[in-house]
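Below is run-v2.tsv, which holds TSV, C-alpha atoms and all ligand atoms.
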chain	number	residue	atom	x	y	z
A	907	MET	CA	94.35	241.75	37.34
A	908	LYS	CA	94.86	238.20	36.06
A	909	GLN	CA	97.19	236.15	38.28
A	910	ALA	CA	100.34	234.78	36.68
A	911	PRO	CA	100.30	230.98	36.13
A	912	ILE	CA	101.48	228.78	38.98
A	913	ILE	CA	104.90	227.10	38.64
A	914	TRP	CA	103.90	223.64	39.84
A	915	THR	CA	107.45	222.27	40.07
A	916	ASN	CA	108.42	224.97	42.57
A	917	VAL	CA	105.14	224.67	44.50
A	918	LEU	CA	105.61	220.90	44.78
A	919	VAL	CA	109.29	221.11	45.76
A	920	PHE	CA	108.60	223.70	48.48
A	921	SER	CA	105.46	221.90	49.74
A	922	ILE	CA	106.95	218.41	49.87
A	923	THR	CA	110.23	219.47	51.49
A	924	THR	CA	108.37	221.63	54.05
A	925	LEU	CA	105.89	218.85	54.88
A	926	VAL	CA	108.59	216.22	55.31
A	927	ALA	CA	110.69	218.58	57.46
A	928	ALA	CA	107.70	219.69	59.55
A	929	ILE	CA	106.15	216.24	60.07
A	930	GLY	CA	108.81	213.62	59.35
A	931	VAL	CA	111.62	215.23	61.36
A	932	PRO	CA	109.65	215.65	64.68
A	933	TRP	CA	108.11	212.18	64.21
A	934	TYR	CA	111.55	210.63	63.82
A	935	ALA	CA	112.99	212.70	66.69
A	936	PHE	CA	110.30	211.48	69.12
A	937	THR	CA	109.97	207.88	67.98
A	938	ILE	CA	113.55	206.92	67.12
A	939	GLY	CA	115.71	209.94	67.88
A	940	PHE	CA	118.57	211.60	66.03
A	941	GLY	CA	122.17	210.94	67.02
A	942	TRP	CA	125.15	213.29	67.10
A	943	ALA	CA	126.21	212.15	63.63
A	944	GLU	CA	122.96	213.50	62.11
A	945	VAL	CA	123.14	216.76	64.09
A	946	ILE	CA	126.74	217.49	63.13
A	947	ALA	CA	126.26	216.46	59.48
A	948	THR	CA	123.15	218.67	59.21
A	949	ILE	CA	124.99	221.70	60.63
A	950	ILE	CA	127.96	221.18	58.28
A	951	CYS	CA	125.70	220.68	55.22
A	952	LEU	CA	123.66	223.75	56.21
A	953	GLY	CA	126.85	225.81	56.47
A	954	TYR	CA	128.15	224.47	53.15
A	955	CYS	CA	124.90	225.38	51.33
A	956	GLY	CA	124.66	228.78	53.02
A	957	MET	CA	128.24	229.81	52.39
A	958	SER	CA	128.10	228.62	48.78
A	959	ILE	CA	125.21	231.04	48.29
A	960	THR	CA	126.58	234.01	50.27
A	961	ALA	CA	130.31	233.78	49.47
A	962	GLY	CA	129.84	232.16	46.04
A	963	TYR	CA	126.58	233.11	44.31
A	964	HIS	CA	126.20	236.46	46.03
A	965	ARG	CA	129.52	238.11	46.80
A	966	LEU	CA	131.69	236.39	44.16
A	967	TRP	CA	129.48	235.92	41.11
A	968	ALA	CA	126.58	238.40	41.46
A	969	HIS	CA	128.71	241.30	42.77
A	970	LYS	CA	132.32	240.39	41.87
A	971	THR	CA	133.60	241.71	45.20
A	972	TYR	CA	136.69	239.45	44.97
A	973	ASP	CA	138.36	236.86	42.74
A	974	ALA	CA	138.45	233.18	43.69
A	975	HIS	CA	140.67	230.21	42.84
A	976	PRO	CA	138.93	227.68	40.54
A	977	ALA	CA	139.04	225.04	43.32
A	978	LEU	CA	136.90	227.30	45.51
A	979	GLN	CA	134.57	228.08	42.60
A	980	TRP	CA	133.96	224.35	42.05
A	981	LEU	CA	133.08	224.00	45.72
A	982	TYR	CA	130.62	226.90	45.43
A	983	ALA	CA	129.09	225.47	42.24
A	984	ILE	CA	128.39	222.11	43.88
A	985	GLY	CA	127.23	223.72	47.16
A	986	GLY	CA	124.93	226.10	45.28
A	987	ALA	CA	123.24	223.18	43.51
A	988	PHE	CA	122.98	221.42	46.90
A	989	ALA	CA	121.20	224.56	48.23
A	990	LEU	CA	118.61	224.22	45.42
A	991	GLN	CA	118.41	227.90	44.51
A	992	ASN	CA	118.74	227.65	40.74
A	993	SER	CA	122.02	227.99	38.84
A	994	ALA	CA	124.53	230.67	39.80
A	995	LEU	CA	123.98	232.30	36.39
A	996	HIS	CA	120.22	232.56	36.87
A	997	TRP	CA	120.51	233.57	40.53
A	998	SER	CA	123.02	236.32	39.73
A	999	ALA	CA	120.93	237.64	36.82
A	1000	ASP	CA	117.90	237.99	39.13
A	1001	HIS	CA	119.99	239.47	41.90
A	1002	ARG	CA	121.60	242.12	39.70
A	1003	VAL	CA	118.11	243.19	38.60
A	1004	HIS	CA	117.08	243.30	42.27
A	1005	HIS	CA	119.90	245.76	43.01
A	1006	ARG	CA	119.33	247.83	39.90
A	1007	HIS	CA	115.58	248.19	40.37
A	1008	VAL	CA	115.27	247.63	44.12
A	1009	ASP	CA	111.69	248.19	45.41
A	1010	HIS	CA	110.37	248.77	41.90
A	1011	ASN	CA	107.36	246.47	42.05
A	1012	ASP	CA	107.28	245.76	38.32
A	1013	LYS	CA	111.02	245.32	37.84
A	1014	ASP	CA	112.57	244.06	41.07
A	1015	PRO	CA	112.01	240.25	40.90
A	1016	TYR	CA	111.50	240.02	44.67
A	1017	SER	CA	110.42	243.55	45.51
A	1018	ALA	CA	109.74	243.99	49.24
A	1019	GLY	CA	107.14	246.57	48.20
A	1020	ARG	CA	104.88	243.62	47.30
A	1021	GLY	CA	104.89	242.39	50.89
A	1022	PHE	CA	106.61	239.81	53.07
A	1023	TRP	CA	105.15	236.68	51.47
A	1024	TYR	CA	105.88	237.75	47.91
A	1025	SER	CA	109.49	238.80	48.56
A	1026	HIS	CA	110.11	235.73	50.73
A	1027	ILE	CA	108.79	232.92	48.55
A	1028	GLY	CA	105.73	234.05	46.57
A	1029	TRP	CA	107.83	235.39	43.68
A	1030	MET	CA	109.01	231.84	42.93
A	1031	LEU	CA	105.57	230.26	42.98
A	1032	ARG	CA	104.09	232.02	39.96
A	1033	ASP	CA	105.54	232.59	36.53
A	1034	ASN	CA	105.95	236.36	36.51
A	1035	SER	CA	108.21	236.24	33.48
A	1036	GLU	CA	105.94	238.65	31.59
A	1037	VAL	CA	107.01	241.31	34.09
A	1038	ASN	CA	110.29	239.97	35.47
A	1039	LYS	CA	112.09	238.57	32.50
A	1040	THR	CA	115.33	236.78	33.33
A	1041	ASP	CA	117.38	237.24	30.21
A	1042	TYR	CA	121.06	236.77	30.75
A	1043	ASN	CA	122.15	240.12	29.29
A	1044	ASN	CA	123.32	241.43	32.64
A	1045	VAL	CA	125.56	238.42	33.33
A	1046	ARG	CA	127.67	238.38	30.16
A	1047	ASP	CA	130.80	238.36	32.33
A	1048	LEU	CA	129.63	235.15	34.03
A	1049	GLN	CA	128.87	233.57	30.67
A	1050	LYS	CA	132.63	233.60	30.09
A	1051	ASN	CA	133.22	231.64	33.31
A	1052	PRO	CA	133.48	227.91	32.44
A	1053	ILE	CA	132.62	226.76	35.98
A	1054	VAL	CA	129.46	228.90	36.14
A	1055	MET	CA	128.39	227.71	32.68
A	1056	TRP	CA	129.12	224.06	33.47
A	1057	GLN	CA	126.95	224.34	36.58
A	1058	HIS	CA	124.21	226.09	34.59
A	1059	ARG	CA	124.15	223.35	31.91
A	1060	ASN	CA	124.26	220.51	34.43
A	1061	TYR	CA	122.13	222.09	37.12
A	1062	LEU	CA	119.25	219.61	37.18
A	1063	TRP	CA	121.22	216.40	37.68
A	1064	LEU	CA	123.66	218.23	39.99
A	1065	THR	CA	120.90	219.43	42.29
A	1066	ILE	CA	119.18	216.02	42.36
A	1067	SER	CA	122.39	214.06	42.91
A	1068	THR	CA	123.70	216.35	45.66
A	1069	ASN	CA	120.39	216.58	47.52
A	1070	PHE	CA	119.87	212.83	47.55
A	1071	GLY	CA	123.45	211.63	47.13
A	1072	ILE	CA	125.19	213.56	49.92
A	1073	PRO	CA	122.69	212.63	52.70
A	1074	LEU	CA	122.61	209.06	51.35
A	1075	ILE	CA	126.40	208.69	51.49
A	1076	LEU	CA	126.44	210.26	54.96
A	1077	GLY	CA	123.68	207.86	56.01
A	1078	VAL	CA	125.59	204.83	54.72
A	1079	VAL	CA	128.74	206.01	56.54
A	1080	SER	CA	126.90	206.69	59.83
A	1081	GLY	CA	124.69	203.62	59.49
A	1082	ASN	CA	121.42	205.56	59.61
A	1083	ILE	CA	120.10	206.32	56.12
A	1084	LEU	CA	116.56	207.44	57.01
A	1085	GLY	CA	117.70	209.70	59.86
A	1086	MET	CA	120.31	211.34	57.66
A	1087	LEU	CA	117.90	211.80	54.72
A	1088	LEU	CA	115.43	213.54	57.03
A	1089	SER	CA	117.96	215.76	58.82
A	1090	ALA	CA	120.84	216.49	56.41
A	1091	GLY	CA	118.46	216.10	53.48
A	1092	PHE	CA	115.05	217.64	54.08
A	1093	LEU	CA	115.48	219.70	57.27
A	1094	ARG	CA	118.78	221.16	56.04
A	1095	LEU	CA	117.23	222.13	52.69
A	1096	VAL	CA	114.17	223.81	54.20
A	1097	LEU	CA	116.24	225.77	56.76
A	1098	SER	CA	118.77	226.73	54.10
A	1099	HIS	CA	115.99	227.98	51.82
A	1100	HIS	CA	114.28	230.12	54.42
A	1101	PHE	CA	117.50	231.57	55.86
A	1102	THR	CA	118.38	232.84	52.37
A	1103	PHE	CA	114.81	233.96	51.66
A	1104	PHE	CA	114.90	236.10	54.83
A	1105	ILE	CA	117.44	238.34	53.08
A	1106	ASN	CA	114.89	239.23	50.40
A	1107	SER	CA	111.98	239.56	52.81
A	1108	LEU	CA	112.88	240.49	56.41
A	1109	ALA	CA	116.15	242.25	55.57
A	1110	HIS	CA	114.02	244.68	53.53
A	1111	ILE	CA	111.43	245.15	56.27
A	1112	TRP	CA	112.95	244.83	59.74
A	1113	GLY	CA	115.99	246.72	61.02
A	1114	LYS	CA	117.86	250.00	60.88
A	1115	GLN	CA	118.93	252.16	57.97
A	1116	PRO	CA	122.23	253.72	59.06
A	1117	TYR	CA	123.63	254.35	55.57
A	1118	THR	CA	120.75	255.10	53.24
A	1119	ASP	CA	116.97	255.38	53.12
A	1120	GLN	CA	116.87	255.45	49.33
A	1121	ASN	CA	115.75	251.81	49.36
A	1122	SER	CA	114.04	249.47	51.82
A	1123	ALA	CA	117.16	247.43	52.77
A	1124	ARG	CA	117.85	247.17	56.50
A	1125	ASP	CA	120.78	246.33	58.78
A	1126	ASN	CA	119.72	243.65	61.23
A	1127	GLY	CA	122.21	241.93	63.55
A	1128	PHE	CA	119.81	239.09	64.41
A	1129	LEU	CA	119.23	238.23	60.75
A	1130	ALA	CA	123.00	238.28	60.25
A	1131	LEU	CA	123.18	235.29	62.62
A	1132	LEU	CA	120.93	233.23	60.35
A	1133	THR	CA	122.27	234.49	57.04
A	1134	TYR	CA	126.04	234.18	57.48
A	1135	GLY	CA	126.39	237.96	57.75
A	1136	GLU	CA	123.98	239.04	55.00
A	1137	GLY	CA	121.70	240.70	57.55
A	1138	TYR	CA	123.69	243.92	57.15
A	1139	HIS	CA	121.69	244.56	54.03
A	1140	ASN	CA	121.42	248.35	54.27
A	1141	PHE	CA	125.20	248.62	53.98
A	1142	HIS	CA	125.18	246.03	51.21
A	1143	HIS	CA	122.66	247.84	49.03
A	1144	ILE	CA	124.58	251.12	49.08
A	1145	PHE	CA	128.07	249.59	48.84
A	1146	GLU	CA	127.46	246.39	46.88
A	1147	SER	CA	131.04	246.19	45.55
A	1148	ASP	CA	132.42	245.69	49.08
A	1149	TYR	CA	133.18	242.05	49.98
A	1150	ARG	CA	131.98	242.77	53.52
A	1151	ASN	CA	128.34	243.18	54.56
A	1152	GLY	CA	129.02	243.62	58.27
A	1153	VAL	CA	131.60	246.33	57.79
A	1154	LYS	CA	132.60	246.76	61.44
A	1155	TRP	CA	135.05	244.16	62.79
A	1156	TYR	CA	132.63	243.09	65.51
A	1157	GLN	CA	129.63	242.63	63.23
A	1158	PHE	CA	128.80	238.95	62.73
A	1159	ASP	CA	129.72	238.23	59.14
A	1160	PRO	CA	131.19	234.72	58.74
A	1161	THR	CA	131.13	235.13	54.95
A	1162	LYS	CA	133.50	238.11	55.27
A	1163	TRP	CA	135.76	236.15	57.67
A	1164	PHE	CA	135.77	233.17	55.34
A	1165	ILE	CA	136.73	235.25	52.28
A	1166	LYS	CA	139.47	237.02	54.26
A	1167	THR	CA	140.87	233.77	55.69
A	1168	ALA	CA	140.81	232.19	52.22
A	1169	SER	CA	142.91	235.13	50.97
A	1170	TRP	CA	145.69	234.17	53.41
A	1171	LEU	CA	145.64	230.68	51.89
A	1172	GLY	CA	145.82	232.09	48.35
A	1173	LEU	CA	142.29	230.94	47.49
A	1174	THR	CA	140.81	234.44	47.12
A	1175	HIS	CA	142.35	237.63	45.70
A	1176	ASN	CA	141.60	241.31	45.08
A	1177	LEU	CA	139.17	241.68	47.97
A	1178	ARG	CA	137.38	244.95	47.23
A	1179	ILE	CA	136.43	247.41	49.95
A	1180	VAL	CA	134.83	250.85	49.82
A	1181	PRO	CA	137.04	253.61	51.29
A	1182	GLU	CA	136.18	254.24	54.94
A	1183	GLU	CA	135.70	257.94	54.17
A	1184	ARG	CA	132.74	257.23	51.85
A	1185	ILE	CA	131.15	254.96	54.45
A	1186	GLU	CA	131.49	257.59	57.20
A	1187	GLN	CA	130.14	260.30	54.87
A	1188	ALA	CA	127.06	258.21	54.06
A	1189	LYS	CA	126.44	257.62	57.77
A	1190	ALA	CA	126.82	261.30	58.64
A	1191	LYS	CA	124.47	262.28	55.82
A	1192	MET	CA	121.77	259.94	57.11
A	1193	GLN	CA	122.23	261.28	60.66
A	1194	LEU	CA	121.91	264.84	59.35
A	1195	GLN	CA	118.69	264.00	57.49
A	1196	ARG	CA	117.16	262.43	60.62
A	1197	ALA	CA	118.27	265.31	62.85
A	1198	ILE	CA	116.78	267.86	60.41
A	1199	ALA	CA	113.47	265.99	60.43
A	1200	ASN	CA	113.43	265.92	64.27
A	1201	VAL	CA	114.54	269.53	64.72
A	1202	SER	CA	112.05	270.94	62.20
A	1203	LYS	CA	109.21	270.27	64.65
A	1204	ARG	CA	110.79	272.34	67.43
A	1205	PRO	CA	109.89	276.02	68.04
A	1206	ASN	CA	113.46	277.33	67.56
A	1207	ALA	CA	113.93	275.14	64.47
A	1208	GLU	CA	115.66	277.74	62.32
A	1209	GLN	CA	118.42	278.38	64.84
A	1210	LEU	CA	118.95	274.65	65.51
A	1211	LEU	CA	119.06	273.90	61.80
A	1212	GLN	CA	121.81	276.48	61.38
A	1213	VAL	CA	123.83	274.83	64.14
A	1214	LEU	CA	123.30	271.41	62.58
A	1215	GLU	CA	124.35	272.53	59.10
A	1216	HIS	CA	127.40	274.32	60.47
A	1217	GLU	CA	128.55	271.33	62.55
A	1218	TYR	CA	127.91	268.95	59.64
A	1219	GLU	CA	130.07	271.03	57.29
A	1220	LEU	CA	132.76	271.11	59.95
A	1221	LEU	CA	132.55	267.33	60.37
A	1222	LEU	CA	132.94	266.77	56.62
A	1223	ALA	CA	135.94	269.12	56.52
A	1224	ARG	CA	137.60	267.38	59.49
A	1225	MET	CA	136.93	263.99	57.90
A	1226	GLN	CA	138.51	265.12	54.66
A	1227	ASP	CA	141.62	266.39	56.49
A	1228	TYR	CA	141.93	263.18	58.48
A	1229	TYR	CA	141.49	260.74	55.61
A	1230	GLN	CA	143.81	262.73	53.34
A	1231	LEU	CA	146.55	262.63	55.95
A	1232	LYS	CA	145.89	258.95	56.59
A	1233	LYS	CA	146.34	258.28	52.88
A	1234	GLN	CA	149.65	260.18	52.89
A	1235	LEU	CA	150.79	258.29	55.98
A	1236	LEU	CA	150.01	254.95	54.36
A	1237	ARG	CA	151.85	255.98	51.19
A	1238	GLN	CA	154.84	257.07	53.27
A	1239	ARG	CA	154.89	253.79	55.19
A	1240	LYS	CA	154.82	251.89	51.93
A	1241	GLU	CA	157.75	253.96	50.59
A	1242	GLU	CA	159.66	253.34	53.82
A	1243	LEU	CA	159.07	249.62	53.52
A	1244	VAL	CA	160.31	249.65	49.93
A	1245	ALA	CA	163.36	251.68	51.03
A	1246	GLN	CA	164.03	249.20	53.87
A	1247	TYR	CA	163.78	246.31	51.45
A	1248	GLN	CA	166.14	248.02	49.01
A	1249	ALA	CA	168.63	248.75	51.82
A	1250	ALA	CA	168.55	245.10	52.91
A	1251	ASP	CA	168.98	244.03	49.31
A	1252	PHE	CA	171.97	246.40	48.95
A	1253	LYS	CA	173.60	244.94	52.04
A	1254	VAL	CA	173.27	241.38	50.76
A	1255	ARG	CA	174.68	242.37	47.36
A	1256	TYR	CA	177.47	244.35	49.03
A	1257	ARG	CA	178.59	241.25	50.97
A	1258	GLU	CA	178.29	239.07	47.88
A	1259	PHE	CA	180.32	241.43	45.69
A	1260	LYS	CA	182.97	241.83	48.39
A	1261	HIS	CA	183.30	238.07	48.63
A	1262	HIS	CA	183.59	237.67	44.85
A	1263	MET	CA	186.27	240.36	44.74
A	1264	GLN	CA	188.28	238.74	47.57
A	1265	ILE	CA	188.22	235.35	45.84
A	1266	GLN	CA	189.32	236.92	42.61
A	1267	GLN	CA	192.09	238.83	44.47
A	1268	GLN	CA	193.41	235.59	45.95
A	1269	HIS	CA	193.22	233.91	42.57
A	1270	TRP	CA	195.05	236.84	40.99
A	1271	GLN	CA	197.74	236.85	43.65
A	1272	ARG	CA	198.37	233.16	43.11
A	1273	LEU	CA	198.59	233.73	39.39
A	1274	VAL	CA	201.01	236.69	39.54
A	1275	THR	CA	203.10	234.87	42.15
A	1276	ALA	CA	203.37	231.89	39.80
A	1277	PHE	CA	204.62	234.19	37.02
A	1278	SER	CA	207.02	236.18	39.15
B	1	ZN	ZN	123.41	241.76	46.72
B	2	ZN	ZN	118.14	243.26	48.81
Could you render the structure from this file as structure tokens?
Ligand SMILES: [Zn+2]
Ligand SMILES: [Zn+2]
Amino acid sequence: MKQAPIIWTNVLVFSITTLVAAIGVPWYAFTIGFGWAEVIATIICLGYCGMSITAGYHRLWAHKTYDAHPALQWLYAIGGAFALQNSALHWSADHRVHHRHVDHNDKDPYSAGRGFWYSHIGWMLRDNSEVNKTDYNNVRDLQKNPIVMWQHRNYLWLTISTNFGIPLILGVVSGNILGMLLSAGFLRLVLSHHFTFFINSLAHIWGKQPYTDQNSARDNGFLALLTYGEGYHNFHHIFESDYRNGVKWYQFDPTKWFIKTASWLGLTHNLRIVPEERIEQAKAKMQLQRAIANVSKRPNAEQLLQVLEHEYELLLARMQDYYQLKKQLLRQRKEELVAQYQAADFKVRYREFKHHMQIQQQHWQRLVTAFS
């Protein structure tokens, strides 16, 4: 089969940034040495790029798992350009196709079925537009978002000015322009790229599948450390409308914590979550499938299968009872709170009305006394 044509701009950008980071950064570290200013600035810039992609591009724009204040959206738009991963509109269009046709080698733009290299970076090096067309039909909602469209129209100068401008300003402030360009510029960009690319490659190859095996996505706690929580990719692919990827409170998902904290400050709203019951059902179903596969090889398989099926049905029934009651309890608590609020409101009004009446009584008494 004829290979798709090479996209030289992408090849050059990836090659030059990788070479500078791989050669220039160690050379500088050994000959001159980086200071704390460069280290701290690089970590902050890396976090800003990463979170703009995970909280902004991914969970806000591609999946609409919450709503965000325009101020936050502007921050994401600038940070996304700084991360050099194309415009949010383009990124989201590709990503929605990835979810819709996951693992379909001819439709998923970064299908893991085509191997590690392809899903990691190879898909961006050749023009596969004959197969993977990025039309913007699946992002019509985002086309109505003025911030997304502004970023899309101004992407080129935004990405150039942030990638050179931010490290340059930091370098001028810290008094070390070359060191800052190498660390907060090149090294930060290369690390940021590959940490995100791991989600398309490794998070579809390496890890566990606790919720579904209908696609190749995996949950991987180690990858979550590098990807601001996106390593819980198995959960994400089955419940993509949930603003969390690490659904358990202890799972490392800084993107989830950031979105939640921002909601307390009024910067994010309508955080969407999948009901716990559906999550537990998916997990139990996967466990049943695995147990059936293991038990089928045993000599007394038929008997064991019966036990499994019976206990599974029982588990589902118990779950249903529990979650129904929990729902009722929550509703009741809400009603009680409303009742408490109303009672408090009544008390305040009662005191107010009493006071008004007493004043009027005094006024009246004075009046009738004057006329008596
Ligand atoms: Zn996604
Ligand atoms: Zn994926």
Between atom CA of A:Phe1141 and atom CA of A:Ile1185, distance in Å (one decimal) | 8.7 Å
Point (118.0, 204.3, 67.6) neighbourhood (12 Å, all atoms listed in the file) written as a ChimeraX atom specification = /A:934-942,944,1081-1085
Shell around stretch 1033-1048 of chain A at 8 Å using all atoms listed in the file, local window under 2 positions removed, as an MDAnalysis selection string = chainID A and resid 910:913 967 995:996 998:1000 1002 1012:1015 1029:1031 1050:1051 1054:1055
With C-alpha atoms retained, export the selected residues as a compact mmCIF listing (two decimals), in the frame of the given file.
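The file below, part02.txt, is the result:
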# COMPACT_ATOMS: atom_id res chain seq x y z
CA ALA A 910 100.34 234.78 36.68
CA PRO A 911 100.30 230.98 36.13
CA ILE A 912 101.48 228.78 38.98
CA ILE A 913 104.90 227.10 38.64
CA TRP A 967 129.48 235.92 41.11
CA LEU A 995 123.98 232.30 36.39
CA HIS A 996 120.22 232.56 36.87
CA SER A 998 123.02 236.32 39.73
CA ALA A 999 120.93 237.64 36.82
CA ASP A 1000 117.90 237.99 39.13
CA ARG A 1002 121.60 242.12 39.70
CA ASP A 1012 107.28 245.76 38.32
CA LYS A 1013 111.02 245.32 37.84
CA ASP A 1014 112.57 244.06 41.07
CA PRO A 1015 112.01 240.25 40.90
CA TRP A 1029 107.83 235.39 43.68
CA MET A 1030 109.01 231.84 42.93
CA LEU A 1031 105.57 230.26 42.98
CA LYS A 1050 132.63 233.60 30.09
CA ASN A 1051 133.22 231.64 33.31
CA VAL A 1054 129.46 228.90 36.14
CA MET A 1055 128.39 227.71 32.68
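Closest approach to ligand ZN 2 (chain B) among A:Asn1106, A:Gln1230, A:Gln1120, A:Gln1264 is made by A:Asn1106 (distances from all atoms listed in the file).
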I need every residue sitting at most 9 Å from the point (117.3, 214.3, 54.3) (coordinates as in the file, all atoms listed in the file considered), written as a CSV table (one decimal) with C-alpha atoms, in the coordinates of the input.
chain,number,residue,atom,x,y,z
A,926,VAL,CA,108.6,216.2,55.3
A,927,ALA,CA,110.7,218.6,57.5
A,948,THR,CA,123.2,218.7,59.2
A,1069,ASN,CA,120.4,216.6,47.5
A,1070,PHE,CA,119.9,212.8,47.6
A,1073,PRO,CA,122.7,212.6,52.7
A,1074,LEU,CA,122.6,209.1,51.4
A,1083,ILE,CA,120.1,206.3,56.1
A,1084,LEU,CA,116.6,207.4,57.0
A,1085,GLY,CA,117.7,209.7,59.9
A,1086,MET,CA,120.3,211.3,57.7
A,1087,LEU,CA,117.9,211.8,54.7
A,1088,LEU,CA,115.4,213.5,57.0
A,1089,SER,CA,118.0,215.8,58.8
A,1090,ALA,CA,120.8,216.5,56.4
A,1091,GLY,CA,118.5,216.1,53.5
A,1092,PHE,CA,115.0,217.6,54.1
A,1093,LEU,CA,115.5,219.7,57.3
A,1094,ARG,CA,118.8,221.2,56.0
A,1095,LEU,CA,117.2,222.1,52.7
Once you count all atoms listed in the file, what closest atom pair and distance in Å to one decimal does each residue of chain A within 7 Å of ligand ZN 2 (chain B) have, with rows by chain and rising residue number, as a tab-separated table?
residue	atom	partner	partner_atom	distance
A:His1004	CA	B:ZN2	ZN	6.6
A:His1005	CA	B:ZN2	ZN	6.6
A:Ile1105	CA	B:ZN2	ZN	6.6
A:Asn1106	CA	B:ZN2	ZN	5.4
A:His1110	CA	B:ZN2	ZN	6.4
A:Ala1123	CA	B:ZN2	ZN	5.8
A:His1139	CA	B:ZN2	ZN	6.4
A:His1143	CA	B:ZN2	ZN	6.4
Distance table requested - stretch 1125-1196 of chain A against stretch 950-965 of chain A, cut-off 10 Å, all atoms listed in the file: one row per qualifying residue with the closest atom pair and its distance in Å to one decimal, ordered by chain and rising residue number, as a tab-separated table.
residue	atom	partner	partner_atom	distance
A:Leu1132	CA	A:Gly956	CA	9.4
A:Thr1133	CA	A:Gly956	CA	7.4
A:Tyr1134	CA	A:Met957	CA	7.1
A:Gly1135	CA	A:Thr960	CA	8.5
A:Glu1136	CA	A:Thr960	CA	7.4
A:Glu1146	CA	A:Arg965	CA	8.5
A:Ser1147	CA	A:Arg965	CA	8.3
A:Asp1148	CA	A:Arg965	CA	8.4
A:Tyr1149	CA	A:Arg965	CA	6.2
A:Arg1150	CA	A:Arg965	CA	8.5
A:Asn1151	CA	A:Arg965	CA	9.3
A:Pro1160	CA	A:Met957	CA	8.6
A:Thr1161	CA	A:Ala961	CA	5.7
A:Lys1162	CA	A:Ala961	CA	7.9
A:Phe1164	CA	A:Ala961	CA	8.0
A:Ile1165	CA	A:Ala961	CA	7.2
Keeping only C-alpha atoms, write the selected residues to a file as a PDB file, keeping the file's coordinate frame.
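Dumped everything to out_22.pdb:
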ATOM      1  CA  LEU A1132     120.930 233.230  60.350  1.00  0.00           C
ATOM      2  CA  THR A1133     122.270 234.490  57.040  1.00  0.00           C
ATOM      3  CA  TYR A1134     126.040 234.180  57.480  1.00  0.00           C
ATOM      4  CA  GLY A1135     126.390 237.960  57.750  1.00  0.00           C
ATOM      5  CA  GLU A1136     123.980 239.040  55.000  1.00  0.00           C
ATOM      6  CA  GLU A1146     127.460 246.390  46.880  1.00  0.00           C
ATOM      7  CA  SER A1147     131.040 246.190  45.550  1.00  0.00           C
ATOM      8  CA  ASP A1148     132.420 245.690  49.080  1.00  0.00           C
ATOM      9  CA  TYR A1149     133.180 242.050  49.980  1.00  0.00           C
ATOM     10  CA  ARG A1150     131.980 242.770  53.520  1.00  0.00           C
ATOM     11  CA  ASN A1151     128.340 243.180  54.560  1.00  0.00           C
ATOM     12  CA  PRO A1160     131.190 234.720  58.740  1.00  0.00           C
ATOM     13  CA  THR A1161     131.130 235.130  54.950  1.00  0.00           C
ATOM     14  CA  LYS A1162     133.500 238.110  55.270  1.00  0.00           C
ATOM     15  CA  PHE A1164     135.770 233.170  55.340  1.00  0.00           C
ATOM     16  CA  ILE A1165     136.730 235.250  52.280  1.00  0.00           C
TER      17      ILE A1165
END
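Of the listed residues A:Gly1137, A:Pro1181, A:Gly1071, A:Pro932, the one whose atoms come nearest to ligand ZN 1 (chain B) is A:Gly1137, with distances taken using only C-alpha atoms and all ligand atoms.
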Spatial neighbours of A:His1058, 12 Å, only C-alpha atoms, chain gap at least 5 places, as an MDAnalysis selection string | chainID A and resid 983:984 986:987 991:998 1042 1048:1049 1051:1053 1063:1065
Judged by all atoms listed in the file, the minimum distance to ligand ZN 1 (chain B) among A:Asn916, A:Asn1126, A:Gln1268, A:Thr1102 is found for A:Thr1102
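Distances here use only C-alpha atoms and all ligand atoms; by that measure, the residue among A:His1026, A:His1142, A:His1100, A:Lys908 closest to ligand ZN 1 (chain B) is A:His1142.
Atom to atom, atom CA of A:Val1254 and atom CA of A:Glu1242 stand 18.4 Å apart.
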Provide the atom CA of A:Thr923 to atom CA of A:Arg1032 distance in Å, to one decimal place.
-> 18.1 Å
Counting only C-alpha atoms, closest pick from A:Trp980, A:Trp1056, A:Tyr1117, A:Phe920 relative to A:Val1096 is A:Phe920
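Residue nearest ligand ZN 1 (chain B) within the list A:Leu918, A:Leu1108, A:Leu1222, A:Ile1144: A:Ile1144 [criterion: smallest interatomic distance, all atoms listed in the file].
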